[in-house]
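J.: Could you have a look at this structure, given as structure tokens, before my questions?
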Amino acid sequence: MSERLQKVMSNCGVASRRAAEEMIAAGRVRVNGVVIKTPGVKVNPEKDIVVVDGKRLEKPVKQYYLFNKPKGVITTVKDERDRTTVMDYFCKVKGRIYPVGRLDQNTEGLLLMTNDGELANILMHPGRLVDKTYAVRVKGRVSDVILKKLADGIPLDDGMTAPAVVTYNGFDDKTGITEMEITIHEGRNRQVRRMFEYFGFRVHNLRRTQYAFLTLNGVKRGAYRRLTREEIRGLYKYKQEQP
Ligand code: URA
């Protein structure tokens with residue numbers, strides 16, 4: 001997959017994108033033997049030979065992590081207001097990884113992190129049917145009629161939601177909270193919260209417990225683990241389902 005030269009350089013850990021642009025403009029970068037001074041030039045890191053200050057760039061080792069994001073942490077690579085982001089949990093990881101999609105600041109749970117742009121694009125492609133399951137706790141009693149409507153589709157302002165699988169897990173008389181599980185395959189902004197807000201329910205707690213076939217089993221809040229080869233292969237199978 002071709003990417004802008006400065007992005008390829010930053011992905012290899014040479015410098016930030018901004019600094020890479022300056023290095024390119026200064027004539028310090030060759031692609032396939034030719035000095036390139038235009039930062040926007042696209043290169044394929046798998047095929048093209050990029051040399052910076054006489055040293056060939058090594059292909060970045062692909063990294064894949066399953067992270068259990070805590071509540072309050074922002075899903076972004078850089079926050080202008082200096083709040084805690086998912087990146088703060090990956091200080092020990094070398095190279096530039098990033099989140100696959102996002103979870104709201106107040107949503108906790110399973111988030112994939114990688115530097116594999118191809119896989120990230122496959123998984124985030126609109127229309128891709130990657131199931132995501134959320135444990136939802138809402139204030140108030142959710143009736144069977146509402147559960148059915150949630151499953152059938154809700155007319156949100158950006159269109160009707162696709163059919164979802166909704167499981168009722170009980171109502172707690174003491175706290176007045178209904179617990180459910182909902183599986184959706186769309187990835188619209190604040191989708192689960194908006195589906196419940198449509199009926200006037202405030203989501204008390206939202207946790208993503210499953211992404212495709214991956215679960216949070218064995219990964220504590222704020223911790224992460226590497227994906228296995230089998231799991232990576234399993235995620236790549238979504239490529240064949242390209243609509
Ligand atoms: N739906 C939401 O409302 N929030 C998330 O973070 C994910 C899905």
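Ligands are numbered from 1 in the order shown, residues from 1 within each chain, and chains are lettered A, B, ... in the order they appear in the structure tokens.
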Give me, as a PyMOL selection string, all polymer residues having an atom no more than 7 Å from range 194-207 of chain A, counting only C-alpha atoms and skipping those fewer than 6 positions away in the same chain.
T.: chain A and resi 107-109+134-139+150+154
J.: Residues at most 7 Å from Tyr168 in chain A, counting only C-alpha atoms, excluding those fewer than 5 positions away in the same chain, as a PyMOL selection string?
T.: chain A and resi 179-181
J.: Compile the contact shell of range 89-93 of chain A as a VMD selection string: residues with an atom at most 8 Å away, counting only C-alpha atoms, same-chain residues fewer than 4 positions apart removed.
T.: chain A and resid 85 222 to 223
J.: Just to confirm, what's the straight-line distance from CA of Thr114 in chain A to CA of Tyr65 in chain A in Å (one decimal)?
T.: 6.3 Å
J.: Restrict the calculation to only C-alpha atoms and all ligand atoms, then for each residue of chain A with any atom at most 6 Å from an atom of ligand 1 give the closest atom pair and their distance in Å to one decimal, rows by chain and rising residue number, as a tab-separated table.
T.:
```
residue	atom	partner	partner_atom_place_in_ligand_line	distance
A:Leu103	CA	ligand 1	6 (O)	3.5
A:Asp104	CA	ligand 1	6 (O)	3.8
A:Thr107	CA	ligand 1	6 (O)	4.8
A:Arg190	CA	ligand 1	3 (O)	3.2
A:Gln191	CA	ligand 1	1 (N)	4.2
A:Val192	CA	ligand 1	3 (O)	3.8
A:Arg193	CA	ligand 1	3 (O)	3.8
```
J.: Next, the residues of the selection above should be written as a PDB file, in the first residue's frame with N, CA and C atoms.
T.:
```pdb
ATOM      1  N   LEU A 103     -13.371   4.543  20.847  1.00  0.00           N
ATOM      2  CA  LEU A 103     -14.389   4.401  21.884  1.00  0.00           C
ATOM      3  C   LEU A 103     -14.521   5.784  22.521  1.00  0.00           C
ATOM      4  N   ASP A 104     -15.734   6.157  22.909  1.00  0.00           N
ATOM      5  CA  ASP A 104     -15.938   7.449  23.581  1.00  0.00           C
ATOM      6  C   ASP A 104     -15.083   7.502  24.845  1.00  0.00           C
ATOM      7  N   THR A 107     -16.556   5.419  27.481  1.00  0.00           N
ATOM      8  CA  THR A 107     -16.764   3.994  27.195  1.00  0.00           C
ATOM      9  C   THR A 107     -15.478   3.257  27.520  1.00  0.00           C
ATOM     10  N   ARG A 190     -21.039   7.446  18.723  1.00  0.00           N
ATOM     11  CA  ARG A 190     -21.882   7.339  19.929  1.00  0.00           C
ATOM     12  C   ARG A 190     -23.155   6.518  19.659  1.00  0.00           C
ATOM     13  N   GLN A 191     -23.036   5.514  18.809  1.00  0.00           N
ATOM     14  CA  GLN A 191     -24.244   4.838  18.341  1.00  0.00           C
ATOM     15  C   GLN A 191     -25.073   4.216  19.467  1.00  0.00           C
ATOM     16  N   VAL A 192     -24.409   3.457  20.342  1.00  0.00           N
ATOM     17  CA  VAL A 192     -25.174   2.750  21.377  1.00  0.00           C
ATOM     18  C   VAL A 192     -25.828   3.764  22.322  1.00  0.00           C
ATOM     19  N   ARG A 193     -25.059   4.765  22.702  1.00  0.00           N
ATOM     20  CA  ARG A 193     -25.635   5.792  23.590  1.00  0.00           C
ATOM     21  C   ARG A 193     -26.841   6.452  22.933  1.00  0.00           C
TER      22      ARG A 193
END
```
J.: Please indicate the distance in Å from CA of Thr38 in chain A to CA of Val77 in chain A, rounded to one decimal place.
T.: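 If I compute the distance from CA of Thr38 in chain A to CA of Val77 in chain A, I get 25.5 Å.
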J.: Apply DSSP to the backbone of this structure and, from range 69-166 of chain A, keep only the residues in strand (DSSP E or B); write these as a list in words.
T.: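 These are the residues in question: Lys69, Ile74, Thr85, Tyr98, Pro99, Thr107, Glu108, Gly109, Leu110, Leu111, Leu112, Met113, Thr114, Lys132, Thr133, Tyr134, Ala135, Val136, Arg137, Val138, Lys139, Pro155, Leu156, Gly159, Met160, Val165 and Val166 of chain A.
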J.: Please identify all polymer residues within 8 Å of Ile122 in chain A, counting only C-alpha atoms, omitting same-chain residues fewer than 6 positions from it, and present them as a list in words.
T.: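 The neighbour list is Arg128, Tyr236, Tyr238, Lys239 and Gln242 of chain A.
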J.: Generate the output file for the selected residues, N, CA and C atoms, as a PDB file, in the first residue's frame.
T.:
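Output contents, as saved in out-v2.pdb:
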```pdb
ATOM      1  N   ARG A 128     -18.449  -2.771   6.569  1.00  0.00           N
ATOM      2  CA  ARG A 128     -17.826  -4.041   6.982  1.00  0.00           C
ATOM      3  C   ARG A 128     -18.630  -4.614   8.143  1.00  0.00           C
ATOM      4  N   TYR A 236      -7.857 -10.659   9.250  1.00  0.00           N
ATOM      5  CA  TYR A 236      -7.640 -10.419   7.815  1.00  0.00           C
ATOM      6  C   TYR A 236      -8.720 -11.082   6.964  1.00  0.00           C
ATOM      7  N   TYR A 238     -11.700 -10.665   7.174  1.00  0.00           N
ATOM      8  CA  TYR A 238     -12.753  -9.669   6.859  1.00  0.00           C
ATOM      9  C   TYR A 238     -12.499  -9.005   5.514  1.00  0.00           C
ATOM     10  N   LYS A 239     -11.258  -9.115   5.016  1.00  0.00           N
ATOM     11  CA  LYS A 239     -10.934  -8.532   3.711  1.00  0.00           C
ATOM     12  C   LYS A 239     -11.756  -9.195   2.613  1.00  0.00           C
ATOM     13  N   GLN A 242     -15.224  -7.859   1.744  1.00  0.00           N
ATOM     14  CA  GLN A 242     -15.315  -6.485   1.237  1.00  0.00           C
ATOM     15  C   GLN A 242     -16.603  -6.298   0.443  1.00  0.00           C
TER      16      GLN A 242
END
```
J.: Have a look at A:Val100, A:Val14, A:Ala26, A:Ala19 and name the one nearest to Thr76 in chain A; count only C-alpha atoms.
T.: A:Val100
